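Engineer: Quick one, entry-v2.pdb (PDB, C-alpha atoms):
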```pdb
ATOM      1  CA  MET D 421       0.000   0.000   0.000
ATOM      2  CA  LYS D 422       1.246   3.467  -0.898
ATOM      3  CA  ILE D 423       1.330   5.713   2.192
ATOM      4  CA  ILE D 424       1.630   9.467   1.703
ATOM      5  CA  LEU D 425       2.281  12.167   4.260
ATOM      6  CA  ALA D 426       0.640  15.324   2.880
ATOM      7  CA  SER D 427       2.929  17.666   4.790
ATOM      8  CA  ALA D 428       6.380  19.173   4.351
ATOM      9  CA  SER D 429       6.884  19.444   8.117
ATOM     10  CA  PRO D 430      10.164  17.748   9.134
ATOM     11  CA  ARG D 431       8.715  17.284  12.607
ATOM     12  CA  ARG D 432       5.725  15.308  11.303
ATOM     13  CA  ARG D 433       8.045  13.285   9.103
ATOM     14  CA  GLU D 434      10.223  12.354  12.074
ATOM     15  CA  LEU D 435       7.223  11.438  14.209
ATOM     16  CA  LEU D 436       5.629   9.279  11.514
ATOM     17  CA  GLU D 437       8.888   7.378  11.030
ATOM     18  CA  ARG D 438       8.525   6.141  14.615
ATOM     19  CA  LEU D 439       5.571   3.984  13.556
ATOM     20  CA  GLY D 440       7.821   1.930  11.299
ATOM     21  CA  LEU D 441       5.845   2.931   8.202
ATOM     22  CA  THR D 442       7.379   3.196   4.756
ATOM     23  CA  PHE D 443       5.943   6.381   3.305
ATOM     24  CA  GLU D 444       6.440   9.147   0.791
ATOM     25  CA  VAL D 445       6.160  12.871   1.355
ATOM     26  CA  ILE D 446       3.961  14.848  -1.025
ATOM     27  CA  PRO D 447       3.117  18.205   0.532
ATOM     28  CA  ALA D 448      -0.167  19.853  -0.303
ATOM     29  CA  VAL D 449       0.635  22.997  -2.294
ATOM     30  CA  GLY D 450      -2.787  24.631  -2.461
ATOM     31  CA  GLU D 451      -3.710  27.404  -0.066
ATOM     32  CA  GLU D 452      -5.893  25.981   2.686
ATOM     33  CA  ILE D 453      -8.884  28.127   3.576
ATOM     34  CA  PRO D 454      -9.714  28.140   7.304
ATOM     35  CA  ILE D 455     -13.368  27.424   7.970
ATOM     36  CA  GLU D 456     -15.461  29.188  10.542
ATOM     37  CA  GLY D 457     -16.116  27.221  13.677
ATOM     38  CA  THR D 458     -14.651  25.888  16.881
ATOM     39  CA  PRO D 459     -10.902  25.164  17.114
ATOM     40  CA  ASP D 460     -11.430  21.447  16.474
ATOM     41  CA  GLN D 461     -13.553  22.168  13.399
ATOM     42  CA  VAL D 462     -10.926  24.566  12.047
ATOM     43  CA  VAL D 463      -7.975  22.157  12.317
ATOM     44  CA  ILE D 464      -9.971  19.211  10.983
ATOM     45  CA  GLY D 465     -11.099  21.332   8.035
ATOM     46  CA  LEU D 466      -7.533  22.340   7.207
ATOM     47  CA  ALA D 467      -6.237  18.773   7.546
ATOM     48  CA  ARG D 468      -9.009  17.497   5.292
ATOM     49  CA  GLN D 469      -8.198  20.064   2.608
ATOM     50  CA  LYS D 470      -4.564  18.925   2.587
ATOM     51  CA  ALA D 471      -5.481  15.247   2.455
ATOM     52  CA  GLU D 472      -8.090  15.766  -0.276
ATOM     53  CA  GLU D 473      -5.671  17.668  -2.506
ATOM     54  CA  VAL D 474      -2.962  15.013  -2.325
ATOM     55  CA  TYR D 475      -5.490  12.157  -2.525
ATOM     56  CA  GLU D 476      -6.808  13.468  -5.855
ATOM     57  CA  GLN D 477      -3.268  13.854  -7.151
ATOM     58  CA  VAL D 478      -2.206  10.352  -6.144
ATOM     59  CA  ARG D 479      -5.396   8.651  -7.319
ATOM     60  CA  ALA D 480      -5.032  10.288 -10.739
ATOM     61  CA  ALA D 481      -1.557   8.791 -11.124
ATOM     62  CA  HIS D 482      -2.165   5.456  -9.364
ATOM     63  CA  ALA D 483      -5.857   4.713  -9.881
ATOM     64  CA  GLN D 484      -5.645   0.991  -9.119
ATOM     65  CA  GLU D 485      -3.196   1.126  -6.237
ATOM     66  CA  GLU D 486      -4.288   1.049  -2.610
ATOM     67  CA  CYS D 487      -3.183   4.209  -0.864
ATOM     68  CA  LEU D 488      -3.377   6.008   2.465
ATOM     69  CA  ILE D 489      -3.060   9.781   2.645
ATOM     70  CA  ILE D 490      -2.270  11.421   5.989
ATOM     71  CA  GLY D 491      -3.111  15.110   6.247
ATOM     72  CA  ALA D 492      -2.520  17.131   9.417
ATOM     73  CA  ASP D 493      -2.651  20.718  10.587
ATOM     74  CA  THR D 494      -1.633  22.154  13.963
ATOM     75  CA  LEU D 495      -2.763  25.488  15.361
ATOM     76  CA  VAL D 496      -2.170  27.311  18.630
ATOM     77  CA  PHE D 497      -5.101  29.055  20.304
ATOM     78  CA  LEU D 498      -5.105  31.625  23.085
ATOM     79  CA  GLU D 499      -8.552  32.475  24.429
ATOM     80  CA  GLY D 500     -10.036  31.223  21.165
ATOM     81  CA  GLU D 501      -7.748  33.302  18.929
ATOM     82  CA  ILE D 502      -5.532  31.534  16.390
ATOM     83  CA  LEU D 503      -1.819  32.238  16.806
ATOM     84  CA  GLY D 504      -0.248  31.177  13.537
ATOM     85  CA  LYS D 505       3.337  31.336  12.343
ATOM     86  CA  PRO D 506       4.913  34.746  13.005
ATOM     87  CA  LYS D 507       5.149  37.245  10.173
ATOM     88  CA  ASP D 508       8.477  38.609  11.413
ATOM     89  CA  PRO D 509      10.654  38.660  14.558
ATOM     90  CA  ALA D 510       8.620  41.473  16.109
ATOM     91  CA  ASP D 511       5.453  39.443  15.688
ATOM     92  CA  ALA D 512       7.124  36.376  17.231
ATOM     93  CA  ALA D 513       8.208  38.429  20.252
ATOM     94  CA  ALA D 514       4.702  39.844  20.663
ATOM     95  CA  VAL D 515       3.110  36.398  20.547
ATOM     96  CA  LEU D 516       5.553  34.986  23.093
ATOM     97  CA  GLY D 517       4.839  37.947  25.317
ATOM     98  CA  ARG D 518       1.172  36.988  25.273
ATOM     99  CA  LEU D 519       1.823  33.292  25.909
ATOM    100  CA  GLN D 520       4.235  33.672  28.819
ATOM    101  CA  ASN D 521       2.849  32.885  32.277
ATOM    102  CA  ARG D 522      -0.423  31.659  30.755
ATOM    103  CA  THR D 523      -2.081  28.485  29.494
ATOM    104  CA  HIS D 524      -2.877  28.066  25.805
ATOM    105  CA  GLN D 525      -4.264  25.271  23.673
ATOM    106  CA  VAL D 526      -2.667  23.339  20.826
ATOM    107  CA  TYR D 527      -5.023  21.562  18.430
ATOM    108  CA  THR D 528      -3.994  19.165  15.682
ATOM    109  CA  GLY D 529      -6.507  17.919  13.148
ATOM    110  CA  VAL D 530      -5.770  14.749  11.175
ATOM    111  CA  THR D 531      -7.555  13.332   8.129
ATOM    112  CA  LEU D 532      -6.859   9.867   6.756
ATOM    113  CA  TYR D 533      -7.905   8.993   3.202
ATOM    114  CA  HIS D 534      -7.736   5.259   2.569
ATOM    115  CA  GLY D 535      -8.531   4.341  -1.019
ATOM    116  CA  ALA D 536      -8.427   1.222  -3.165
ATOM    117  CA  ALA D 537      -9.748   1.013  -6.742
ATOM    118  CA  ASP D 538     -13.170   2.721  -6.695
ATOM    119  CA  THR D 539     -13.671   2.736  -2.931
ATOM    120  CA  SER D 540     -12.402   5.086  -0.267
ATOM    121  CA  ALA D 541     -12.840   5.706   3.439
ATOM    122  CA  VAL D 542     -12.216   8.966   5.261
ATOM    123  CA  VAL D 543     -11.461   9.312   8.968
ATOM    124  CA  SER D 544     -10.928  12.673  10.671
ATOM    125  CA  PHE D 545     -10.095  13.453  14.291
ATOM    126  CA  TYR D 546      -8.431  16.065  16.448
ATOM    127  CA  VAL D 547      -6.365  16.139  19.624
ATOM    128  CA  ARG D 548      -6.094  19.035  22.082
ATOM    129  CA  THR D 549      -3.226  19.702  24.478
ATOM    130  CA  ASP D 550      -3.107  22.467  27.086
ATOM    131  CA  VAL D 551       0.319  24.053  27.531
ATOM    132  CA  THR D 552       1.256  26.319  30.440
ATOM    133  CA  MET D 553       4.364  28.498  30.231
ATOM    134  CA  TYR D 554       6.518  29.950  32.984
ATOM    135  CA  PRO D 555       6.971  33.719  33.173
ATOM    136  CA  ILE D 556       9.468  34.711  30.454
ATOM    137  CA  SER D 557      11.404  37.952  30.595
ATOM    138  CA  SER D 558      11.657  40.323  27.646
ATOM    139  CA  GLU D 559      15.386  39.550  27.483
ATOM    140  CA  GLU D 560      14.697  35.814  27.230
ATOM    141  CA  ILE D 561      12.087  36.389  24.533
ATOM    142  CA  ALA D 562      14.492  38.560  22.532
ATOM    143  CA  ALA D 563      17.271  35.976  22.787
ATOM    144  CA  TYR D 564      14.941  33.166  21.759
ATOM    145  CA  VAL D 565      13.619  35.106  18.767
ATOM    146  CA  ASP D 566      17.194  35.923  17.742
ATOM    147  CA  SER D 567      17.913  32.166  17.629
ATOM    148  CA  GLY D 568      15.543  31.930  14.665
ATOM    149  CA  GLU D 569      13.710  28.918  16.044
ATOM    150  CA  PRO D 570      10.248  30.526  16.380
ATOM    151  CA  MET D 571       9.953  31.750  12.813
ATOM    152  CA  ASP D 572       8.383  28.698  11.132
ATOM    153  CA  LYS D 573       6.268  27.489  14.034
ATOM    154  CA  ALA D 574       2.676  28.054  15.032
ATOM    155  CA  GLY D 575       2.571  30.022  18.255
ATOM    156  CA  SER D 576       6.166  31.189  17.683
ATOM    157  CA  TYR D 577       7.831  28.383  19.648
ATOM    158  CA  GLY D 578       9.072  24.828  19.266
ATOM    159  CA  ILE D 579       8.422  22.702  22.323
ATOM    160  CA  GLN D 580      10.937  20.113  21.139
ATOM    161  CA  GLY D 581      13.658  22.744  20.856
ATOM    162  CA  LYS D 582      15.050  25.591  22.928
ATOM    163  CA  ALA D 583      11.577  26.645  24.108
ATOM    164  CA  ALA D 584      11.383  23.500  26.240
ATOM    165  CA  VAL D 585      12.855  25.534  29.108
ATOM    166  CA  PHE D 586       9.787  27.809  29.066
ATOM    167  CA  ILE D 587       7.238  25.023  29.525
ATOM    168  CA  LYS D 588       5.810  24.706  33.033
ATOM    169  CA  LYS D 589       3.127  22.080  32.437
ATOM    170  CA  ILE D 590       1.503  20.032  29.693
ATOM    171  CA  ASP D 591      -1.957  18.564  29.974
ATOM    172  CA  GLY D 592      -2.397  16.076  27.135
ATOM    173  CA  ASP D 593      -0.307  14.591  24.334
ATOM    174  CA  TYR D 594       3.200  16.067  24.018
ATOM    175  CA  GLN D 595       3.613  14.777  20.444
ATOM    176  CA  ASN D 596       0.472  16.667  19.512
ATOM    177  CA  VAL D 597       2.276  19.916  20.360
ATOM    178  CA  VAL D 598       5.219  18.863  18.198
ATOM    179  CA  GLY D 599       2.817  18.434  15.281
ATOM    180  CA  LEU D 600       1.293  14.948  15.109
ATOM    181  CA  PRO D 601      -0.668  13.062  17.813
ATOM    182  CA  LEU D 602       1.160   9.809  17.260
ATOM    183  CA  ALA D 603      -0.661   7.667  19.828
ATOM    184  CA  ARG D 604      -4.118   8.577  18.529
ATOM    185  CA  LEU D 605      -2.950   8.090  14.938
ATOM    186  CA  TYR D 606      -1.670   4.619  15.822
ATOM    187  CA  GLN D 607      -5.031   3.683  17.333
ATOM    188  CA  GLU D 608      -6.932   5.000  14.302
ATOM    189  CA  LEU D 609      -4.730   3.046  11.893
ATOM    190  CA  LYS D 610      -5.386  -0.119  13.883
ATOM    191  CA  GLN D 611      -9.124   0.524  13.698
ATOM    192  CA  MET D 612      -8.817   0.886   9.913
ATOM    193  CA  GLY D 613      -7.034  -2.469   9.713
ATOM    194  CA  ILE D 614      -3.740  -0.926   8.574
ATOM    195  CA  LYS D 615      -0.729  -2.854   9.818
ATOM    196  CA  VAL D 616       1.833  -0.841  11.742
ATOM    197  CA  ASN D 617       5.242  -2.455  12.256
ATOM    198  CA  LEU D 618       5.854  -0.465  15.402
ATOM    199  CA  PHE D 619       8.260  -2.874  17.084
ATOM    200  CA  SER D 620      10.039  -4.353  14.082
ATOM    201  CA  GLY D 621      12.452  -1.537  13.251
ATOM    202  CA  GLU D 622      12.205   1.874  11.682
ATOM    203  CA  GLY D 623      10.652   2.433   8.298
ATOM    204  CA  ASP D 624      12.089   4.739   5.700
ATOM    205  CA  GLN D 625      10.589   7.441   3.567
ATOM    206  CA  THR D 626      11.192   9.050   0.209
ATOM    207  CA  ASP D 627      10.180  12.288  -1.415
ATOM    208  CA  GLY D 628       7.961  12.383  -4.483
ATOM    209  CA  ILE D 629       4.995  10.554  -5.874
TER     210      ILE D 629
END
```
Before we go any further, please render this structure as structure tokens.
Structural biologist:
Amino acid sequence: MKIILASASPRRRELLERLGLTFEVIPAVGEEIPIEGTPDQVVIGLARQKAEEVYEQVRAAHAQEECLIIGADTLVFLEGEILGKPKDPADAAAVLGRLQNRTHQVYTGVTLYHGAADTSAVVSFYVRTDVTMYPISSEEIAAYVDSGEPMDKAGSYGIQGKAAVFIKKIDGDYQNVVGLPLARLYQELKQMGIKVNLFSGEGDQTDGI
């Protein structure tokens, strides 16, 4: 079965490799349009758009081949407001200033397209994690922004990187904050009857279709 990760995120790629899956990476290139709704509805909608785009592309080229498309989108919310990737260093510093000494929410939506011949099944879900940060001084924020790490990350921080020292408490799935709720994904794949060689060594991945 052809397995496709519809994301260019190196963090999602690294997490998915832990399941021992052999997969390809074909990022969705279209501009996802956020839907109106609750945080879970927004991230599921974005994940589904990514998965649908790549599913149509793959099915057009491999109509008779069984395939699984994995689409995911992660967003940070503070009091219901989306905090996306920073536009510039000043924006990153402002966002971190709002997050420090407070609790925010990280939502990841995942859509799985499983198709074979003329049949397909779609499963969507989301995972929420609450993250509480310590107080962070303006000097610490400036130094962290200068490191460059926040610039490509939702919420302007990477929990798996230097920002780990700012995290006071996590309520929920840590991997979800990194970008892919691996445990929930594993359970969903089992429910779909997709074999995961979790304990038989690491899989490998390639780029392209």
Engineer: Step by step, work through what the PyMOL selection byres ((chain D and resi 545-553) around 8) selects in the shown file, and finish by giving those residues as a ChimeraX atom specification.
Structural biologist: /D:460,463-464,519-531,543-544,554-555,586-594,596-597,601,604
Engineer: Please report, as JSON, the centre and edge lengths in Å to one decimal of an axis-aligned box covering all listed atoms of range 487-503 of chain D with 6 Å per side.
Structural biologist:
```
{"center_x": -5.8, "center_y": 18.8, "center_z": 11.8, "size_x": 20.4, "size_y": 41.1, "size_z": 37.3}
```
Engineer: Looking at only C-alpha atoms, which of D:Asp566, D:Asp493, D:Glu559, D:Glu501 is the one that sits closest to Ala467 in chain D?
Structural biologist: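 Closest residue, counting only C-alpha atoms: D:Asp493.
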Engineer: Could you tell me which of D:Lys507, D:Lys615, D:Lys573, D:Arg479 comes closest to Thr442 in chain D if we count only C-alpha atoms?
Structural biologist: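 Under the stated criterion, the closest residue is D:Lys615.
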Engineer: Can you list, as a list in words, every protein, DNA or RNA residue that comes within 9 Å of Arg433 in chain D when you count all atoms listed in the file, leaving out same-chain residues fewer than 5 positions away?
Structural biologist: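 Listed by chain and then number, they are Leu425, Ser427, Ala428, Val445 and Gln625 of chain D.
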Engineer: Using CA of Cys487 in chain D and CA of Ala536 in chain D as the two end points, give the distance in Å to one decimal.
Structural biologist: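 It comes out at 6.5 Å.
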Engineer: To one decimal place in Å, what is the distance between CA of Gly491 in chain D and CA of Ala448 in chain D?
Structural biologist: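 Distance between the two atoms: 8.6 Å.
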Engineer: Quick one: distance from CA of Ala574 in chain D to CA of Gly599 in chain D in Å, one decimal?
Structural biologist: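 CA of Ala574 in chain D sits 9.6 Å away from CA of Gly599 in chain D.
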Engineer: Rank D:Ser429, D:Thr539, D:Ser576, D:Asn617 by their smallest atom-to-atom distance to Phe497 in chain D, using all atoms listed in the file, and report the top residue only.
Structural biologist: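 So, comparing all the options, the nearest one is D:Ser576.
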Engineer: Given the PyMOL selection byres ((chain D and resi 472) around 12) and the file above, list the residues it selects as number ranges by chain.
Structural biologist: D: 424-426, 447-450, 452, 464-471, 473-479, 488-492, 530-535, 540-544
Engineer: For C-alpha atoms, I'd like the residues from the last selection saved as a PDB file, in the coordinates of the input.
Structural biologist:
```
ATOM      1  CA  ILE D 424       1.630   9.467   1.703  1.00  0.00           C
ATOM      2  CA  LEU D 425       2.281  12.167   4.260  1.00  0.00           C
ATOM      3  CA  ALA D 426       0.640  15.324   2.880  1.00  0.00           C
ATOM      4  CA  PRO D 447       3.117  18.205   0.532  1.00  0.00           C
ATOM      5  CA  ALA D 448      -0.167  19.853  -0.303  1.00  0.00           C
ATOM      6  CA  VAL D 449       0.635  22.997  -2.294  1.00  0.00           C
ATOM      7  CA  GLY D 450      -2.787  24.631  -2.461  1.00  0.00           C
ATOM      8  CA  GLU D 452      -5.893  25.981   2.686  1.00  0.00           C
ATOM      9  CA  ILE D 464      -9.971  19.211  10.983  1.00  0.00           C
ATOM     10  CA  GLY D 465     -11.099  21.332   8.035  1.00  0.00           C
ATOM     11  CA  LEU D 466      -7.533  22.340   7.207  1.00  0.00           C
ATOM     12  CA  ALA D 467      -6.237  18.773   7.546  1.00  0.00           C
ATOM     13  CA  ARG D 468      -9.009  17.497   5.292  1.00  0.00           C
ATOM     14  CA  GLN D 469      -8.198  20.064   2.608  1.00  0.00           C
ATOM     15  CA  LYS D 470      -4.564  18.925   2.587  1.00  0.00           C
ATOM     16  CA  ALA D 471      -5.481  15.247   2.455  1.00  0.00           C
ATOM     17  CA  GLU D 473      -5.671  17.668  -2.506  1.00  0.00           C
ATOM     18  CA  VAL D 474      -2.962  15.013  -2.325  1.00  0.00           C
ATOM     19  CA  TYR D 475      -5.490  12.157  -2.525  1.00  0.00           C
ATOM     20  CA  GLU D 476      -6.808  13.468  -5.855  1.00  0.00           C
ATOM     21  CA  GLN D 477      -3.268  13.854  -7.151  1.00  0.00           C
ATOM     22  CA  VAL D 478      -2.206  10.352  -6.144  1.00  0.00           C
ATOM     23  CA  ARG D 479      -5.396   8.651  -7.319  1.00  0.00           C
ATOM     24  CA  LEU D 488      -3.377   6.008   2.465  1.00  0.00           C
ATOM     25  CA  ILE D 489      -3.060   9.781   2.645  1.00  0.00           C
ATOM     26  CA  ILE D 490      -2.270  11.421   5.989  1.00  0.00           C
ATOM     27  CA  GLY D 491      -3.111  15.110   6.247  1.00  0.00           C
ATOM     28  CA  ALA D 492      -2.520  17.131   9.417  1.00  0.00           C
ATOM     29  CA  VAL D 530      -5.770  14.749  11.175  1.00  0.00           C
ATOM     30  CA  THR D 531      -7.555  13.332   8.129  1.00  0.00           C
ATOM     31  CA  LEU D 532      -6.859   9.867   6.756  1.00  0.00           C
ATOM     32  CA  TYR D 533      -7.905   8.993   3.202  1.00  0.00           C
ATOM     33  CA  HIS D 534      -7.736   5.259   2.569  1.00  0.00           C
ATOM     34  CA  GLY D 535      -8.531   4.341  -1.019  1.00  0.00           C
ATOM     35  CA  SER D 540     -12.402   5.086  -0.267  1.00  0.00           C
ATOM     36  CA  ALA D 541     -12.840   5.706   3.439  1.00  0.00           C
ATOM     37  CA  VAL D 542     -12.216   8.966   5.261  1.00  0.00           C
ATOM     38  CA  VAL D 543     -11.461   9.312   8.968  1.00  0.00           C
ATOM     39  CA  SER D 544     -10.928  12.673  10.671  1.00  0.00           C
TER      40      SER D 544
END
```
Engineer: Nearest to Gln580 in chain D: which of D:Leu498, D:Asp508, D:Arg431, D:Leu609 is it, counting all atoms listed in the file?
Structural biologist: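 Nearest candidate to Gln580 in chain D out of D:Leu498, D:Asp508, D:Arg431, D:Leu609: D:Arg431.
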Engineer: I'd like the contact shell of Pro570 in chain D - 12 Å cut-off, only C-alpha atoms, skipping same-chain residues fewer than 5 positions apart - returned as a PyMOL selection string.
Structural biologist: chain D and resi 504-516+561-565+575-583
Engineer: Evaluate the PyMOL selection byres ((chain D and resi 439-441) around 12) here and jot the selected residues down as an NGL selection string.
Structural biologist: :D and (421-425 or 432-438 or 442-444 or 488 or 490 or 600-607 or 609-610 or 614-626)
Engineer: From the coordinates supplied, range 443-473 of chain D should be written with N, CA and C atoms, as a short mmCIF file (atom, residue, chain, number, x, y, z; two decimals), in the first residue's frame.
Structural biologist:
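So the final result, stored in selection.cif, reads:
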```
data_model
loop_
_atom_site.label_atom_id
_atom_site.label_comp_id
_atom_site.auth_asym_id
_atom_site.auth_seq_id
_atom_site.Cartn_x
_atom_site.Cartn_y
_atom_site.Cartn_z
N PHE D 443 6.85 5.39 3.87
CA PHE D 443 5.94 6.38 3.31
C PHE D 443 6.69 7.37 2.43
N GLU D 444 5.93 8.07 1.62
CA GLU D 444 6.44 9.15 0.79
C GLU D 444 5.92 10.48 1.33
N VAL D 445 6.59 11.54 0.96
CA VAL D 445 6.16 12.87 1.36
C VAL D 445 5.75 13.65 0.12
N ILE D 446 4.48 14.02 0.07
CA ILE D 446 3.96 14.85 -1.03
C ILE D 446 3.18 15.99 -0.38
N PRO D 447 3.82 17.12 -0.15
CA PRO D 447 3.12 18.21 0.53
C PRO D 447 1.98 18.76 -0.30
N ALA D 448 0.90 19.12 0.36
CA ALA D 448 -0.17 19.85 -0.30
C ALA D 448 0.36 21.24 -0.64
N VAL D 449 0.09 21.71 -1.86
CA VAL D 449 0.63 23.00 -2.29
C VAL D 449 -0.44 24.06 -2.41
N GLY D 450 -1.71 23.66 -2.39
CA GLY D 450 -2.79 24.63 -2.46
C GLY D 450 -2.89 25.42 -1.17
N GLU D 451 -3.53 26.57 -1.25
CA GLU D 451 -3.71 27.40 -0.07
C GLU D 451 -4.95 26.95 0.68
N GLU D 452 -4.75 26.43 1.90
CA GLU D 452 -5.89 25.98 2.69
C GLU D 452 -6.69 27.18 3.17
N ILE D 453 -8.00 27.05 3.16
CA ILE D 453 -8.88 28.13 3.58
C ILE D 453 -9.50 27.76 4.92
N PRO D 454 -9.14 28.46 5.99
CA PRO D 454 -9.71 28.14 7.30
C PRO D 454 -11.23 28.30 7.29
N ILE D 455 -11.93 27.34 7.88
CA ILE D 455 -13.37 27.42 7.97
C ILE D 455 -13.75 28.12 9.27
N GLU D 456 -14.95 28.62 9.31
CA GLU D 456 -15.46 29.19 10.54
C GLU D 456 -15.88 28.06 11.47
N GLY D 457 -15.67 28.24 12.75
CA GLY D 457 -16.12 27.22 13.68
C GLY D 457 -15.26 27.16 14.91
N THR D 458 -15.42 26.11 15.67
CA THR D 458 -14.65 25.89 16.88
C THR D 458 -13.23 25.47 16.50
N PRO D 459 -12.28 25.55 17.44
CA PRO D 459 -10.90 25.16 17.11
C PRO D 459 -10.78 23.77 16.50
N ASP D 460 -11.52 22.80 17.04
CA ASP D 460 -11.43 21.45 16.47
C ASP D 460 -11.95 21.40 15.05
N GLN D 461 -13.02 22.14 14.76
CA GLN D 461 -13.55 22.17 13.40
C GLN D 461 -12.58 22.84 12.43
N VAL D 462 -11.88 23.87 12.90
CA VAL D 462 -10.93 24.57 12.05
C VAL D 462 -9.77 23.65 11.66
N VAL D 463 -9.16 22.98 12.64
CA VAL D 463 -7.97 22.16 12.32
C VAL D 463 -8.36 20.92 11.51
N ILE D 464 -9.53 20.35 11.78
CA ILE D 464 -9.97 19.21 10.98
C ILE D 464 -10.23 19.65 9.55
N GLY D 465 -10.84 20.83 9.38
CA GLY D 465 -11.10 21.33 8.04
C GLY D 465 -9.82 21.55 7.24
N LEU D 466 -8.81 22.11 7.88
CA LEU D 466 -7.53 22.34 7.21
C LEU D 466 -6.84 21.03 6.86
N ALA D 467 -6.85 20.07 7.79
CA ALA D 467 -6.24 18.77 7.55
C ALA D 467 -6.93 18.05 6.40
N ARG D 468 -8.25 18.17 6.35
CA ARG D 468 -9.01 17.50 5.29
C ARG D 468 -8.70 18.11 3.93
N GLN D 469 -8.55 19.43 3.88
CA GLN D 469 -8.20 20.06 2.61
C GLN D 469 -6.86 19.57 2.09
N LYS D 470 -5.87 19.44 2.99
CA LYS D 470 -4.56 18.92 2.59
C LYS D 470 -4.66 17.50 2.08
N ALA D 471 -5.37 16.65 2.83
CA ALA D 471 -5.48 15.25 2.46
C ALA D 471 -6.24 15.09 1.15
N GLU D 472 -7.30 15.86 0.95
CA GLU D 472 -8.09 15.77 -0.28
C GLU D 472 -7.26 16.14 -1.50
N GLU D 473 -6.48 17.22 -1.37
CA GLU D 473 -5.67 17.67 -2.51
C GLU D 473 -4.69 16.58 -2.94
#
```
